[in-house]
Amino acid sequence: MNLKNISSIILNISLKVVIYMVLIGVLYFCGNRAYEFGREVFSEAGVEAPPGREVTVTLPEGVSNKQLAQILKKDGLIDNIYIFYVQAYLYECKPVAGEYVLNTSYNAEKLIETISSVPKKEEKETKKNKKKEKETKAKKTKKE
């Protein structure tokens, strides 16, 4: 073997080693980011430690999960819009319009559970209205 062949083999092996090292580095970086993302998505922690602070949030009619994430970020209830967006998808969030009192110590699951139900204030008003309607119907049927 001559010097040219030996240097060609050494260069070829060196190039392969460098490519493998870069590939391993990229895989490590991507794996680490994926782990961190998953840990944040399934984290049980709120933005603040209990007892936290209460924040009143008003959701408009037809709010999307992306808009919801932006509202909650603005009010200091979540840290990351994209993480919450994924959590909302996983927990099948269907926001209901209304006014909510939320706490900064709530985790994403609690926030989504609360936002996906009718606000207590509106729930009480709806029950009162239904009760009044029943009473009115009962009075009308008695008159007839």
# chains A, B, ... in the order shown; residues from 1 in each chain; ligands from 1
call {"tool": "select_by_dssp", "arguments": {"residues": "region 8-121 of chain A", "states": "strand (DSSP E)", "output": "list in words"}}
result
Glu54, Val55, Thr56, Val57, Thr58, Leu59, Gly98, Glu99, Tyr100, Val101, Leu102 and Asn103 of chain A
call {"tool": "write_last_selection", "arguments": {"atoms": "C-alpha atoms", "output": "JSON list (two decimals), in the first residue's frame"}}
result
[["chain", "number", "residue", "atom", "x", "y", "z"],
["A", 54, "GLU", "CA", -56.70, 34.05, 42.72],
["A", 55, "VAL", "CA", -57.17, 35.54, 39.27],
["A", 56, "THR", "CA", -60.51, 36.32, 37.62],
["A", 57, "VAL", "CA", -60.60, 35.34, 33.95],
["A", 58, "THR", "CA", -63.40, 36.11, 31.49],
["A", 59, "LEU", "CA", -63.62, 33.84, 28.46],
["A", 98, "GLY", "CA", -67.98, 32.88, 31.24],
["A", 99, "GLU", "CA", -66.17, 34.37, 34.19],
["A", 100, "TYR", "CA", -63.92, 32.11, 36.24],
["A", 101, "VAL", "CA", -61.92, 32.55, 39.42],
["A", 102, "LEU", "CA", -58.74, 30.53, 38.94],
["A", 103, "ASN", "CA", -55.70, 30.10, 41.14]]
call {"tool": "closest_residue", "arguments": {"among": "A:Cys93, A:Ile83, A:Val118, A:Ile24", "to": "Phe37 (chain A)", "atoms": "only C-alpha atoms"}}
result
A:Ile83
call {"tool": "closest_residue", "arguments": {"among": "A:Asp79, A:Glu48, A:Glu92, A:Glu40", "to": "Ser64 (chain A)", "atoms": "only C-alpha atoms"}}
result
A:Glu92
call {"tool": "residues_around", "arguments": {"residues": "region 104-115 of chain A", "least_positions_apart": "6", "cutoff": "8 Å", "atoms": "only C-alpha atoms", "output": "PyMOL selection string"}}
result
chain A and resi 43-55+76-78+84+87-88+91+93-96
call {"tool": "atom_distance", "arguments": {"atom1": "CA of Tyr35 (chain A)", "atom2": "CA of Leu90 (chain A)"}}
result
16.9 Å
call {"tool": "select_by_dssp", "arguments": {"residues": "chain A", "states": "helix (DSSP H, G or I)", "output": "VMD selection string"}}
result
chain A and resid 3 to 41 65 to 74 81 to 90 108 to 115 120 to 143
call {"tool": "closest_residue", "arguments": {"among": "A:Glu135, A:Val18, A:Ala97, A:Leu27", "to": "Val63 (chain A)", "atoms": "only C-alpha atoms"}}
result
A:Ala97
call {"tool": "atom_distance", "arguments": {"atom1": "CA of Asp75 (chain A)", "atom2": "CA of Ser117 (chain A)"}}
result
19.5 Å
call {"tool": "atom_distance", "arguments": {"atom1": "CA of Asn65 (chain A)", "atom2": "CA of Val41 (chain A)"}}
result
15.2 Å
call {"tool": "closest_residue", "arguments": {"among": "A:Asn12, A:Ala69, A:Gly62, A:Glu36", "to": "Val86 (chain A)", "atoms": "only C-alpha atoms"}}
result
A:Ala69
